[in-house]
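A.B. asks: Provided below: coords.tsv, containing TSV, C-alpha atoms.
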```tsv
chain	number	residue	atom	x	y	z
A	15	MET	CA	-5.89	30.24	-6.79
A	16	THR	CA	-4.14	29.60	-3.54
A	17	ASP	CA	-2.42	26.32	-2.98
A	18	LEU	CA	-3.80	23.79	-0.62
A	19	PRO	CA	-2.25	24.11	2.83
A	20	PRO	CA	0.15	21.22	3.52
A	21	LEU	CA	-1.71	18.06	4.45
A	22	SER	CA	-0.91	15.87	7.42
A	23	PRO	CA	0.75	12.57	6.41
A	24	ARG	CA	-2.50	10.79	7.23
A	25	ASP	CA	-4.47	13.12	4.96
A	26	GLU	CA	-1.83	12.77	2.22
A	27	ASP	CA	-2.36	9.01	2.27
A	28	ASP	CA	-6.12	9.40	2.40
A	29	ILE	CA	-6.13	11.80	-0.55
A	30	ALA	CA	-3.86	9.41	-2.46
A	31	ALA	CA	-6.46	6.69	-1.79
A	32	ALA	CA	-9.26	9.00	-2.96
A	33	GLU	CA	-7.32	9.90	-6.12
A	34	TYR	CA	-6.83	6.21	-6.86
A	35	VAL	CA	-10.56	5.53	-6.41
A	36	LEU	CA	-11.51	8.53	-8.56
A	37	GLY	CA	-8.96	7.33	-11.12
A	38	VAL	CA	-7.41	10.72	-11.94
A	39	GLY	CA	-3.76	9.60	-11.91
A	40	THR	CA	-1.50	8.51	-14.73
A	41	LEU	CA	-0.86	4.83	-15.30
A	42	PRO	CA	2.42	4.90	-13.32
A	43	ASP	CA	0.53	6.62	-10.46
A	44	ARG	CA	-2.05	3.88	-10.58
A	45	LEU	CA	0.49	1.07	-10.72
A	46	ALA	CA	2.23	2.55	-7.69
A	47	ALA	CA	-1.10	2.75	-5.82
A	48	GLU	CA	-1.93	-0.83	-6.81
A	49	ARG	CA	1.37	-1.99	-5.35
A	50	ARG	CA	0.62	-0.10	-2.11
A	51	LEU	CA	-2.80	-1.74	-2.00
A	52	GLN	CA	-1.14	-5.13	-1.85
A	53	SER	CA	1.47	-4.25	0.75
A	54	GLU	CA	-0.18	-1.66	3.04
A	55	PRO	CA	-3.36	-2.74	4.83
A	56	ALA	CA	-4.00	0.84	6.03
A	57	PHE	CA	-3.91	2.12	2.45
A	58	ALA	CA	-6.19	-0.71	1.32
A	59	ALA	CA	-8.64	0.23	4.09
A	60	ALA	CA	-8.55	3.88	3.01
A	61	VAL	CA	-9.30	2.87	-0.59
A	62	LEU	CA	-12.21	0.69	0.53
A	63	ALA	CA	-13.59	3.57	2.61
A	64	TRP	CA	-13.50	5.88	-0.44
A	65	GLU	CA	-15.11	3.23	-2.64
A	66	ASN	CA	-17.97	3.10	-0.16
A	67	ARG	CA	-18.17	6.90	0.24
A	68	LEU	CA	-18.45	7.45	-3.51
A	69	ALA	CA	-20.61	4.39	-4.23
A	70	GLY	CA	-23.70	6.60	-4.53
A	71	LEU	CA	-22.25	7.94	-7.78
A	72	ASN	CA	-22.61	4.46	-9.30
A	73	ASP	CA	-26.27	5.26	-9.95
A	74	GLY	CA	-24.95	7.52	-12.72
A	75	TYR	CA	-23.96	4.47	-14.75
A	76	PRO	CA	-26.82	3.17	-16.90
A	77	ASP	CA	-27.12	-0.54	-17.66
A	78	ALA	CA	-25.82	-1.49	-21.10
A	79	PRO	CA	-26.87	-4.45	-23.24
A	80	VAL	CA	-24.29	-7.19	-23.16
A	81	PRO	CA	-23.95	-10.53	-24.97
A	82	ASP	CA	-23.41	-13.75	-23.04
A	83	LEU	CA	-19.63	-13.80	-22.72
A	84	MET	CA	-19.64	-16.50	-20.07
A	85	PRO	CA	-18.31	-19.23	-22.40
A	86	GLN	CA	-15.24	-17.11	-23.21
A	87	ILE	CA	-14.77	-16.15	-19.57
A	88	GLU	CA	-14.93	-19.77	-18.42
A	89	ALA	CA	-12.51	-20.76	-21.20
A	90	ARG	CA	-10.06	-18.10	-19.94
A	91	LEU	CA	-10.33	-19.32	-16.39
A	92	PHE	CA	-10.77	-23.03	-16.66
A	93	GLY	CA	-9.54	-23.90	-20.15
A	94	GLN	CA	-11.65	-25.45	-22.89
A	95	THR	CA	-11.94	-28.87	-21.33
A	96	ALA	CA	-13.14	-30.02	-17.96
A	97	PRO	CA	-10.56	-28.97	-15.37
A	98	ARG	CA	-7.92	-31.60	-14.76
A	99	ARG	CA	-7.54	-32.64	-11.18
A	100	PRO	CA	-4.28	-31.56	-9.68
A	101	PHE	CA	-1.75	-34.32	-9.20
A	102	TRP	CA	-2.21	-34.52	-5.47
A	103	TRP	CA	-5.92	-35.31	-5.84
A	104	THR	CA	-5.41	-39.04	-6.28
A	105	TRP	CA	-2.97	-38.91	-3.44
A	106	LEU	CA	-5.54	-37.25	-1.29
A	107	ALA	CA	-8.41	-39.46	-2.33
A	108	GLY	CA	-6.58	-42.65	-1.60
A	109	ALA	CA	-4.55	-41.47	1.28
A	110	VAL	CA	-4.99	-42.29	4.84
A	111	ALA	CA	-4.30	-38.62	5.25
A	112	ALA	CA	-1.46	-38.30	7.66
A	113	ALA	CA	-1.41	-35.07	9.55
A	114	ALA	CA	1.78	-34.06	7.81
A	115	LEU	CA	0.26	-34.56	4.40
A	116	ALA	CA	-2.80	-32.56	5.38
A	117	ALA	CA	-0.52	-29.74	6.39
A	118	VAL	CA	1.22	-29.83	3.03
A	119	VAL	CA	-2.06	-29.78	1.15
A	120	VAL	CA	-3.31	-26.84	3.18
A	121	ALA	CA	-0.12	-25.02	2.35
A	122	VAL	CA	-0.39	-25.81	-1.35
A	123	LEU	CA	-4.12	-25.16	-1.87
A	124	PRO	CA	-4.09	-21.37	-1.99
A	125	MET	CA	-1.38	-21.49	-4.62
A	126	VAL	CA	-3.30	-23.75	-6.96
A	127	SER	CA	-5.06	-21.57	-9.47
A	128	PRO	CA	-7.01	-22.99	-12.39
A	129	GLN	CA	-5.85	-20.14	-14.61
A	130	PRO	CA	-3.11	-21.10	-17.03
A	131	SER	CA	0.07	-19.09	-17.26
A	132	VAL	CA	0.29	-17.21	-20.55
A	133	PRO	CA	3.53	-16.00	-22.17
A	134	VAL	CA	3.30	-12.25	-22.84
A	135	ALA	CA	6.84	-11.10	-23.68
A	136	VAL	CA	10.40	-12.18	-24.38
A	137	LEU	CA	13.17	-9.83	-23.25
A	138	SER	CA	16.31	-9.78	-25.35
A	139	GLY	CA	19.00	-7.35	-26.44
A	140	GLU	CA	21.40	-7.01	-29.32
A	141	GLY	CA	24.70	-8.76	-28.61
A	142	GLN	CA	23.25	-10.12	-25.37
A	143	ASP	CA	23.24	-13.78	-24.36
A	144	LEU	CA	20.80	-12.77	-21.67
A	145	ARG	CA	17.14	-13.61	-22.25
A	146	PHE	CA	14.09	-13.48	-20.00
A	147	ASP	CA	10.61	-14.91	-20.56
A	148	VAL	CA	7.62	-13.06	-19.13
A	149	ALA	CA	4.44	-14.98	-18.36
A	150	ARG	CA	1.20	-13.74	-16.90
A	151	LYS	CA	-1.23	-15.57	-14.65
A	152	GLY	CA	-4.14	-13.42	-13.53
A	153	ASP	CA	-2.62	-10.27	-12.03
A	154	GLN	CA	0.74	-11.93	-11.49
A	155	VAL	CA	3.61	-11.58	-13.89
A	156	THR	CA	6.58	-13.93	-13.62
A	157	VAL	CA	9.87	-12.95	-15.22
A	158	THR	CA	12.33	-15.81	-15.63
A	159	ARG	CA	15.90	-15.77	-16.89
A	160	VAL	CA	16.04	-18.49	-19.53
A	161	ALA	CA	19.47	-17.79	-21.04
A	162	GLY	CA	22.67	-16.00	-20.11
A	163	PRO	CA	24.44	-15.42	-16.80
A	164	GLY	CA	23.08	-13.81	-13.64
A	165	PRO	CA	24.59	-10.53	-12.44
A	166	ALA	CA	28.22	-10.41	-11.31
A	167	THR	CA	29.00	-10.01	-7.62
A	168	GLY	CA	28.15	-6.50	-6.48
A	169	LYS	CA	25.62	-6.05	-9.29
A	170	SER	CA	21.88	-6.60	-9.70
A	171	HIS	CA	19.49	-7.16	-12.56
A	172	GLN	CA	16.55	-4.84	-12.03
A	173	LEU	CA	13.20	-5.18	-13.75
A	174	TRP	CA	11.28	-2.14	-15.07
A	175	LEU	CA	7.91	-1.52	-16.68
A	176	ILE	CA	7.67	1.30	-19.20
A	177	VAL	CA	4.31	2.65	-20.27
A	178	GLY	CA	4.32	4.95	-23.27
A	179	GLU	CA	6.44	8.02	-22.72
A	180	ASN	CA	6.39	7.68	-18.95
A	181	ALA	CA	9.37	7.09	-16.70
A	182	PRO	CA	10.17	3.41	-16.04
A	183	VAL	CA	8.45	1.95	-12.98
A	184	PRO	CA	10.76	-0.29	-10.90
A	185	LEU	CA	9.29	-3.76	-10.35
A	186	GLY	CA	12.03	-5.51	-8.39
A	187	LEU	CA	15.20	-7.52	-8.80
A	188	VAL	CA	15.53	-10.65	-10.94
A	189	ASP	CA	18.91	-11.70	-9.52
A	190	ASP	CA	17.64	-15.12	-8.49
A	191	GLY	CA	16.63	-15.87	-12.04
A	192	SER	CA	12.92	-15.47	-11.46
A	193	GLU	CA	10.66	-12.85	-9.95
A	194	THR	CA	6.88	-12.69	-9.64
A	195	VAL	CA	5.20	-9.31	-9.30
A	196	ALA	CA	1.64	-8.03	-9.44
A	197	VAL	CA	0.86	-5.98	-12.54
A	198	PRO	CA	-2.93	-5.68	-12.56
A	199	ALA	CA	-3.00	-3.28	-15.49
A	200	LEU	CA	-0.80	-5.18	-17.93
A	201	ALA	CA	-1.66	-4.20	-21.50
A	202	ASP	CA	-0.29	-4.74	-24.98
A	203	GLY	CA	2.44	-2.31	-25.99
A	204	MET	CA	3.88	-1.87	-22.49
A	205	VAL	CA	7.59	-2.62	-22.34
A	206	PHE	CA	9.53	-4.67	-19.81
A	207	ALA	CA	13.24	-3.98	-19.43
A	208	VAL	CA	16.10	-5.28	-17.29
A	209	SER	CA	18.97	-2.96	-16.40
A	210	LEU	CA	22.32	-3.58	-14.75
A	211	GLU	CA	22.41	-1.84	-11.36
A	212	PRO	CA	24.49	-1.80	-8.19
A	213	ALA	CA	23.65	-4.71	-5.85
A	214	GLY	CA	20.22	-4.13	-4.33
A	215	GLY	CA	18.97	-2.07	-7.23
A	216	SER	CA	19.04	1.50	-8.47
A	217	PRO	CA	19.54	3.96	-5.62
A	218	THR	CA	17.59	6.67	-7.47
A	219	GLY	CA	14.38	4.91	-8.48
A	220	ALA	CA	15.35	5.33	-12.15
A	221	PRO	CA	17.65	3.07	-14.16
A	222	THR	CA	21.29	4.11	-13.62
A	223	GLY	CA	23.08	1.32	-15.49
A	224	PRO	CA	22.80	0.05	-19.05
A	225	ILE	CA	19.51	-1.45	-20.20
A	226	LEU	CA	20.44	-5.05	-21.01
A	227	VAL	CA	17.27	-6.45	-22.52
A	228	THR	CA	13.79	-5.24	-23.40
A	229	GLY	CA	10.58	-6.76	-24.69
A	230	LYS	CA	7.16	-5.50	-25.64
A	231	VAL	CA	4.00	-7.02	-24.17
A	232	ALA	CA	1.80	-8.87	-26.66
A	233	GLN	CA	-0.79	-10.92	-24.84
A	234	THR	CA	-1.53	-13.03	-27.87
A	235	LEU	CA	2.14	-14.00	-28.07
B	24	MET	CA	-31.10	-13.49	5.30
B	25	THR	CA	-29.13	-10.65	3.82
B	26	ASP	CA	-30.53	-7.99	1.52
B	27	ASP	CA	-27.43	-8.20	-0.68
B	28	PRO	CA	-27.81	-11.10	-3.13
B	29	ILE	CA	-24.57	-10.20	-4.94
B	30	ALA	CA	-22.66	-10.52	-1.67
B	31	VAL	CA	-24.17	-13.97	-1.15
B	32	LEU	CA	-23.02	-15.02	-4.62
B	33	LEU	CA	-19.54	-13.60	-4.02
B	34	THR	CA	-19.19	-15.56	-0.81
B	35	ARG	CA	-20.04	-18.73	-2.69
B	36	ILE	CA	-17.68	-17.85	-5.53
B	37	ALA	CA	-14.90	-17.41	-2.96
B	38	GLY	CA	-15.51	-21.09	-2.20
B	39	GLN	CA	-14.90	-21.93	-5.90
B	40	ASP	CA	-18.62	-22.41	-6.57
B	41	ARG	CA	-18.92	-22.31	-10.36
B	42	ALA	CA	-22.72	-22.36	-10.32
B	43	ALA	CA	-22.65	-19.13	-8.30
B	44	PHE	CA	-20.17	-17.70	-10.79
B	45	ARG	CA	-22.61	-18.46	-13.62
B	46	ASP	CA	-25.43	-16.82	-11.64
B	47	ILE	CA	-23.54	-13.59	-11.02
B	48	TYR	CA	-23.12	-12.90	-14.74
B	49	PRO	CA	-26.81	-12.22	-15.53
B	50	ALA	CA	-27.12	-10.41	-12.19
B	51	ALA	CA	-24.25	-7.97	-12.76
B	52	SER	CA	-23.04	-7.94	-16.36
B	53	ALA	CA	-25.39	-5.23	-17.70
B	54	LYS	CA	-24.41	-2.82	-14.94
B	55	LEU	CA	-20.69	-3.57	-15.27
B	56	MET	CA	-20.91	-3.21	-19.05
B	57	GLY	CA	-22.54	0.19	-18.48
B	58	VAL	CA	-19.58	1.20	-16.32
B	59	ILE	CA	-16.92	-0.05	-18.73
B	60	LEU	CA	-18.60	1.29	-21.86
B	61	ARG	CA	-19.01	4.76	-20.37
B	62	ILE	CA	-15.29	4.90	-19.56
B	63	LEU	CA	-13.84	3.19	-22.65
B	64	LYS	CA	-16.47	4.33	-25.19
B	65	ASP	CA	-15.56	1.41	-27.49
B	66	ARG	CA	-17.77	-1.65	-27.53
B	67	ALA	CA	-15.23	-4.20	-28.77
B	68	GLU	CA	-12.69	-3.16	-26.17
B	69	ALA	CA	-15.43	-2.99	-23.52
B	70	GLU	CA	-16.43	-6.59	-24.20
B	71	ASP	CA	-12.84	-7.72	-23.84
B	72	ALA	CA	-12.51	-5.69	-20.64
B	73	LEU	CA	-15.72	-7.23	-19.28
B	74	GLN	CA	-14.26	-10.72	-19.74
B	75	GLU	CA	-11.17	-9.65	-17.85
B	76	VAL	CA	-13.32	-8.15	-15.08
B	77	PHE	CA	-15.25	-11.40	-14.59
B	78	THR	CA	-11.97	-13.31	-14.59
B	79	ARG	CA	-10.81	-11.08	-11.73
B	80	ILE	CA	-14.11	-11.50	-9.90
B	81	TRP	CA	-13.51	-15.26	-9.84
B	82	LEU	CA	-9.87	-14.91	-8.79
B	83	ARG	CA	-10.40	-12.24	-6.14
B	84	ALA	CA	-13.77	-13.16	-4.63
B	85	ASN	CA	-12.02	-14.39	-1.49
B	86	ARG	CA	-10.93	-10.79	-0.82
B	87	PHE	CA	-14.53	-9.56	-0.69
B	88	ASP	CA	-15.77	-8.86	2.83
B	89	ALA	CA	-19.53	-8.47	3.10
B	90	ALA	CA	-19.08	-6.74	6.46
B	91	LYS	CA	-17.21	-3.91	4.77
B	92	GLY	CA	-19.36	-3.05	1.79
B	93	ARG	CA	-22.00	-4.11	-0.68
B	94	GLY	CA	-21.34	-6.71	-3.34
B	95	MET	CA	-22.25	-4.48	-6.28
B	96	THR	CA	-19.99	-1.69	-4.98
B	97	TRP	CA	-17.09	-4.15	-4.93
B	98	LEU	CA	-17.85	-5.39	-8.44
B	99	ILE	CA	-18.09	-1.87	-9.83
B	100	ALA	CA	-14.75	-0.97	-8.22
B	101	ILE	CA	-13.11	-3.85	-10.10
B	102	ALA	CA	-14.76	-2.81	-13.36
B	103	ARG	CA	-13.89	0.89	-12.96
B	104	ASN	CA	-10.29	0.18	-12.02
B	105	HIS	CA	-9.75	-2.09	-14.96
B	106	ALA	CA	-11.46	0.26	-17.44
B	107	ILE	CA	-9.49	3.26	-16.16
B	108	ASP	CA	-6.21	1.32	-16.27
B	109	ARG	CA	-6.95	0.48	-19.91
B	110	LEU	CA	-7.83	4.08	-20.66
B	111	ARG	CA	-4.54	5.27	-19.14
B	112	ALA	CA	-2.60	2.64	-21.08
B	113	ARG	CA	-3.87	3.99	-24.41
B	114	PRO	CA	-1.41	6.08	-26.39
B	115	ALA	CA	-2.01	9.75	-25.65
B	116	THR	CA	-4.45	11.34	-28.10
B	117	PRO	CA	-4.45	15.05	-27.38
B	118	VAL	CA	-7.90	16.60	-27.72
B	119	SER	CA	-7.01	19.93	-29.27
B	120	ALA	CA	-9.54	22.50	-30.38
B	121	GLY	CA	-9.50	23.08	-34.11
B	122	ALA	CA	-7.71	19.85	-34.95
B	123	ASP	CA	-10.90	17.88	-34.74
B	124	GLY	CA	-14.26	19.59	-34.74
B	125	ASP	CA	-16.04	16.43	-33.63
B	126	ALA	CA	-13.81	16.10	-30.62
B	127	VAL	CA	-14.66	19.63	-29.56
B	128	ASP	CA	-18.38	18.99	-29.95
B	129	ARG	CA	-18.08	15.78	-28.03
B	130	LEU	CA	-16.14	17.57	-25.36
B	131	ALA	CA	-19.00	20.01	-24.92
B	132	ASP	CA	-21.54	17.18	-24.81
B	133	ASP	CA	-19.55	15.24	-22.27
B	134	ARG	CA	-19.33	18.08	-19.84
B	135	PRO	CA	-21.81	17.00	-17.20
B	136	GLY	CA	-24.61	19.40	-16.33
B	137	ALA	CA	-24.47	19.92	-12.59
B	138	LEU	CA	-25.95	16.87	-10.95
B	139	ASP	CA	-29.21	16.44	-12.78
B	140	ALA	CA	-27.85	13.33	-14.49
B	141	LEU	CA	-27.62	11.62	-11.16
B	142	VAL	CA	-30.62	9.70	-10.05
B	143	ALA	CA	-30.98	10.79	-6.47
B	144	ARG	CA	-32.37	7.83	-4.68
B	145	GLY	CA	-31.43	5.57	-1.82
B	146	GLU	CA	-27.68	5.36	-1.30
B	147	ALA	CA	-27.07	8.09	-3.84
B	148	ARG	CA	-29.06	10.66	-1.87
B	149	ARG	CA	-26.27	11.41	0.53
B	150	ILE	CA	-23.55	11.90	-2.06
B	151	VAL	CA	-25.86	14.13	-4.08
B	152	ASP	CA	-26.43	16.28	-0.99
B	153	CYS	CA	-22.71	16.47	-0.30
B	154	MET	CA	-21.82	17.18	-3.95
B	155	GLY	CA	-24.32	20.02	-3.67
B	156	THR	CA	-22.07	21.66	-1.07
B	157	LEU	CA	-19.29	21.98	-3.71
B	158	GLU	CA	-19.16	24.73	-6.31
B	159	PRO	CA	-20.87	23.39	-9.47
B	160	ASP	CA	-17.61	23.30	-11.47
B	161	ARG	CA	-15.86	21.33	-8.76
B	162	ALA	CA	-18.73	18.87	-8.47
B	163	SER	CA	-18.55	18.37	-12.24
B	164	CYS	CA	-14.85	17.55	-11.93
B	165	VAL	CA	-15.48	14.88	-9.32
B	166	GLN	CA	-18.32	13.46	-11.35
B	167	GLY	CA	-16.40	13.50	-14.64
B	168	ALA	CA	-13.43	11.79	-13.01
B	169	TYR	CA	-15.56	9.16	-11.33
B	170	LEU	CA	-18.06	8.38	-14.08
B	171	ASP	CA	-16.02	8.98	-17.24
B	172	GLY	CA	-12.53	8.20	-16.00
B	173	TRP	CA	-11.13	11.66	-16.74
B	174	SER	CA	-7.54	12.10	-15.60
B	175	TYR	CA	-6.07	15.23	-14.01
B	176	ASP	CA	-4.77	16.12	-17.48
B	177	ASP	CA	-8.21	15.66	-19.07
B	178	LEU	CA	-9.86	17.71	-16.34
B	179	ALA	CA	-7.34	20.56	-16.59
B	180	ARG	CA	-7.87	20.70	-20.36
B	181	ARG	CA	-11.63	20.47	-20.25
B	182	PHE	CA	-12.01	23.09	-17.55
B	183	ASP	CA	-9.21	25.17	-19.05
B	184	VAL	CA	-7.16	25.60	-15.87
B	185	PRO	CA	-3.50	24.75	-15.13
B	186	LEU	CA	-2.84	21.22	-13.96
B	187	ASN	CA	-1.79	22.34	-10.48
B	188	THR	CA	-4.94	24.39	-10.07
B	189	MET	CA	-7.00	21.36	-11.01
B	190	ARG	CA	-5.09	19.24	-8.53
B	191	THR	CA	-5.78	21.76	-5.78
B	192	TRP	CA	-9.47	22.05	-6.73
B	193	LEU	CA	-9.97	18.34	-6.69
B	194	ARG	CA	-8.05	17.67	-3.49
B	195	ARG	CA	-9.94	20.43	-1.72
B	196	SER	CA	-13.21	18.99	-3.00
B	197	LEU	CA	-12.27	15.52	-1.79
B	198	LEU	CA	-11.50	16.80	1.71
B	199	LYS	CA	-14.84	18.62	1.76
B	200	LEU	CA	-16.68	15.57	0.51
B	201	ARG	CA	-15.06	13.37	3.12
B	202	GLU	CA	-16.09	15.75	5.88
B	203	CYS	CA	-19.67	15.87	4.60
B	204	LEU	CA	-20.00	12.13	3.89
B	205	ASP	CA	-18.50	11.02	7.21
B	206	GLN	CA	-20.92	13.10	9.27
```
Give the structure from this file in structure tokens form.

C.D. replies:
Amino acid sequence: MTDLPPLSPRDEDDIAAAEYVLGVGTLPDRLAAERRLQSEPAFAAAVLAWENRLAGLNDGYPDAPVPDLMPQIEARLFGQTAPRRPFWWTWLAGAVAAAALAAVVVAVLPMVSPQPSVPVAVLSGEGQDLRFDVARKGDQVTVTRVAGPGPATGKSHQLWLIVGENAPVPLGLVDDGSETVAVPALADGMVFAVSLEPAGGSPTGAPTGPILVTGKVAQTL
Amino acid sequence: MTDDPIAVLLTRIAGQDRAAFRDIYPAASAKLMGVILRILKDRAEAEDALQEVFTRIWLRANRFDAAKGRGMTWLIAIARNHAIDRLRARPATPVSAGADGDAVDRLADDRPGALDALVARGEARRIVDCMGTLEPDRASCVQGAYLDGWSYDDLARRFDVPLNTMRTWLRRSLLKLRECLDQ
């Protein structure tokens, strides 16, 4: 079998998009692609194009009987009770809405999500004062330092996600005490870790300093 | 009026219309369950995954663009991605011949026969034609990856070729498919 001739950078990206749509990669491959989807419009467009190209294959999926899970779904999204009105509602209702206020509301609206934030992990380490809480809201995971000091000058706290035996996937820096990242595939048993790195994060893409704290994901925490 | 009722519902859901959200469940849940169940092959997990998929449909409906694709295609992409992510997150369970006779039998059953399983109608016609331009083994790889969520590792094992060979096969097939489908 001869190897594929080298692809142009454009084809490399397009094949990466096709591989994501087919789903043949490992979980770290898929997490990396999902992060590109959020940050690279061209990649997102390539993925959409492949979804449409391959959509004819969807006829190969038969319908399957399914119970009515809508009550559980609505409970996940909206809580058990009628949704509470956000605090600014009364403001808004009564207000002679000044232009400035309207601007604030417009800015706030997209951030208001009815989905509650759910704790999924606590990161701690032996002999460490440092502790982080991890909470999930939809696809977003927020990691917050709740105890212990931030990194010393010239150092960074870097967040990692470890899936099974795979290499840690870098998720960003938590130097400011809190970091929100998209982890669409979060599942029980995955491990979050924070390592001590040079300022700005690991230069190699793998942890270079000591792992300070770790915690396993349990979504029923 | 559009011929894509799911797209109409999605547009309403993007506007936080909970009645539309209730209407999309009976319209799409059986198909999405079919997708998830085929990939995960475990009903309890599939039902949990389906709840997560509908949660995402509500949260992401504002990203759907009816000008760029059909509503059901968008829904199935969400369901497939979530089911495959779950599959990849499972602890590795090597399917080794001899260790588990059932697994070997199942492996043989799962291997798709050419394209006869595909109902060739409407939108599917074109992809069936283009898959027909691939060697049968290669078409089976694409189909097994897409429909069953097989990874490169799974494919290499099932078709008994080295991982790199499988990667080359599949990439070559994808380039060929793109050329055929974009004509």

A.B. asks: Need to verify the contact set: Ala59 in chain A, 12 Å, all atoms listed in the file, exclusion of same-chain residues closer than 4 positions in sequence. Can you return it as a VMD selection string?

C.D. replies: (chain A and resid 27 to 28 31 to 32 35 50 to 55 63 to 66) or (chain B and resid 88 91 to 92)

A.B. asks: List as an mmCIF file with C-alpha atoms, in the coordinates of the input the protein and nucleic acid residues near Gln206 in chain B, meaning an atom at most 12 Å away when only C-alpha atoms are counted, but skip any in the same chain fewer than 4 places from it.

C.D. replies:
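Saved as selection-v5.cif:
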```
data_model
loop_
_atom_site.group_PDB
_atom_site.id
_atom_site.type_symbol
_atom_site.label_atom_id
_atom_site.label_comp_id
_atom_site.auth_asym_id
_atom_site.auth_seq_id
_atom_site.Cartn_x
_atom_site.Cartn_y
_atom_site.Cartn_z
ATOM 1 C CA ARG A 67 -18.170 6.900 0.240
ATOM 2 C CA ARG B 149 -26.270 11.410 0.530
ATOM 3 C CA ILE B 150 -23.550 11.900 -2.060
ATOM 4 C CA CYS B 153 -22.710 16.470 -0.300
ATOM 5 C CA LYS B 199 -14.840 18.620 1.760
ATOM 6 C CA LEU B 200 -16.680 15.570 0.510
ATOM 7 C CA ARG B 201 -15.060 13.370 3.120
ATOM 8 C CA GLU B 202 -16.090 15.750 5.880
#
```

A.B. asks: Taking (-16.8, 18.5, -10.2) in the file's own coordinates, collect the residues within 12 Å, counting all atoms listed in the file, and hand them back as an MDAnalysis selection string.

C.D. replies: (chainID A and resid 36) or (chainID B and resid 134:138 151 153:171 173 175 178:179 181:182 189:190 192:197 200)

A.B. asks: Name the closest residue to chain B among the candidates A:Val160, A:Ala201, A:Lys169, A:Val188; distances are taken between atoms, counting all atoms listed in the file.

C.D. replies: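 The answer is A:Ala201, which sits nearest to chain B.
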
A.B. asks: May I have the residues of chain A within 6 Å of chain B, counting all atoms listed in the file, written as a list in words?

C.D. replies: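 Every residue of chain A that passes the 6 Å test is in Leu18, Leu36, Val38, Gly39, Leu41, Gly70, Gly74, Tyr75, Pro76, Asp77, Ala78, Pro79, Val80, Ile87 and Ala199 of chain A.
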
A.B. asks: May I have the residues within 8 Å of Lys151 in chain A as a PDB file with C-alpha atoms, keeping the file's coordinate frame, using only C-alpha atoms and disregarding those fewer than 3 positions away in the same chain?

C.D. replies:
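Wrote selection-v2.pdb, looks like this:
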```
ATOM      1  CA  GLN A 129      -5.850 -20.140 -14.610  1.00  0.00           C
ATOM      2  CA  PRO A 130      -3.110 -21.100 -17.030  1.00  0.00           C
ATOM      3  CA  SER A 131       0.070 -19.090 -17.260  1.00  0.00           C
ATOM      4  CA  VAL A 132       0.290 -17.210 -20.550  1.00  0.00           C
ATOM      5  CA  GLN A 154       0.740 -11.930 -11.490  1.00  0.00           C
ATOM      6  CA  VAL A 155       3.610 -11.580 -13.890  1.00  0.00           C
TER       7      VAL A 155
END
```

A.B. asks: Give the centre and edge lengths of an axis-aligned box, in Å to one decimal, that holds all listed atoms of range 157-161 of chain A with 3 Å on each side, as lines of an AutoDock Vina configuration file.

C.D. replies:
```
center_x = 14.7
center_y = -15.7
center_z = -18.1
size_x = 15.6
size_y = 11.5
size_z = 11.8
```

A.B. asks: So the first atom is CA of Pro224 in chain A and the second is CA of Ser170 in chain A; what is the distance between them in Å, to one decimal place?

C.D. replies: 11.5 Å

A.B. asks: Please compute the CA of Leu91 in chain A-CA of Arg150 in chain A distance, one decimal, in Å.

C.D. replies: 12.8 Å

A.B. asks: Hey, can you check how far CA of Pro28 in chain B sits from CA of Glu88 in chain A?

C.D. replies: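 Between CA of Pro28 in chain B and CA of Glu88 in chain A the gap works out to 21.8 Å.
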
A.B. asks: Of the candidates B:Leu63, B:Ala72, B:Ala84, B:Leu186, which one gets nearest to Gln39 in chain B if we count all atoms listed in the file?

C.D. replies: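 Residue with the minimum atom-to-atom distance to Gln39 in chain B: B:Ala84.
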
A.B. asks: Can you list, as a ChimeraX atom specification, every protein, DNA or RNA residue that comes within 9 Å of Gly229 in chain A when you count all atoms listed in the file, leaving out same-chain residues fewer than 5 positions away?

C.D. replies: /A:135-139,146,148,204-207

A.B. asks: Using C-alpha atoms, can you write the selected residues to a file as an mmCIF file, keeping the file's coordinate frame?

C.D. replies:
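Output file selection-v6.cif follows:
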```cif
data_model
loop_
_atom_site.group_PDB
_atom_site.id
_atom_site.type_symbol
_atom_site.label_atom_id
_atom_site.label_comp_id
_atom_site.auth_asym_id
_atom_site.auth_seq_id
_atom_site.Cartn_x
_atom_site.Cartn_y
_atom_site.Cartn_z
ATOM 1 C CA ALA A 135 6.840 -11.100 -23.680
ATOM 2 C CA VAL A 136 10.400 -12.180 -24.380
ATOM 3 C CA LEU A 137 13.170 -9.830 -23.250
ATOM 4 C CA SER A 138 16.310 -9.780 -25.350
ATOM 5 C CA GLY A 139 19.000 -7.350 -26.440
ATOM 6 C CA PHE A 146 14.090 -13.480 -20.000
ATOM 7 C CA VAL A 148 7.620 -13.060 -19.130
ATOM 8 C CA MET A 204 3.880 -1.870 -22.490
ATOM 9 C CA VAL A 205 7.590 -2.620 -22.340
ATOM 10 C CA PHE A 206 9.530 -4.670 -19.810
ATOM 11 C CA ALA A 207 13.240 -3.980 -19.430
#
```
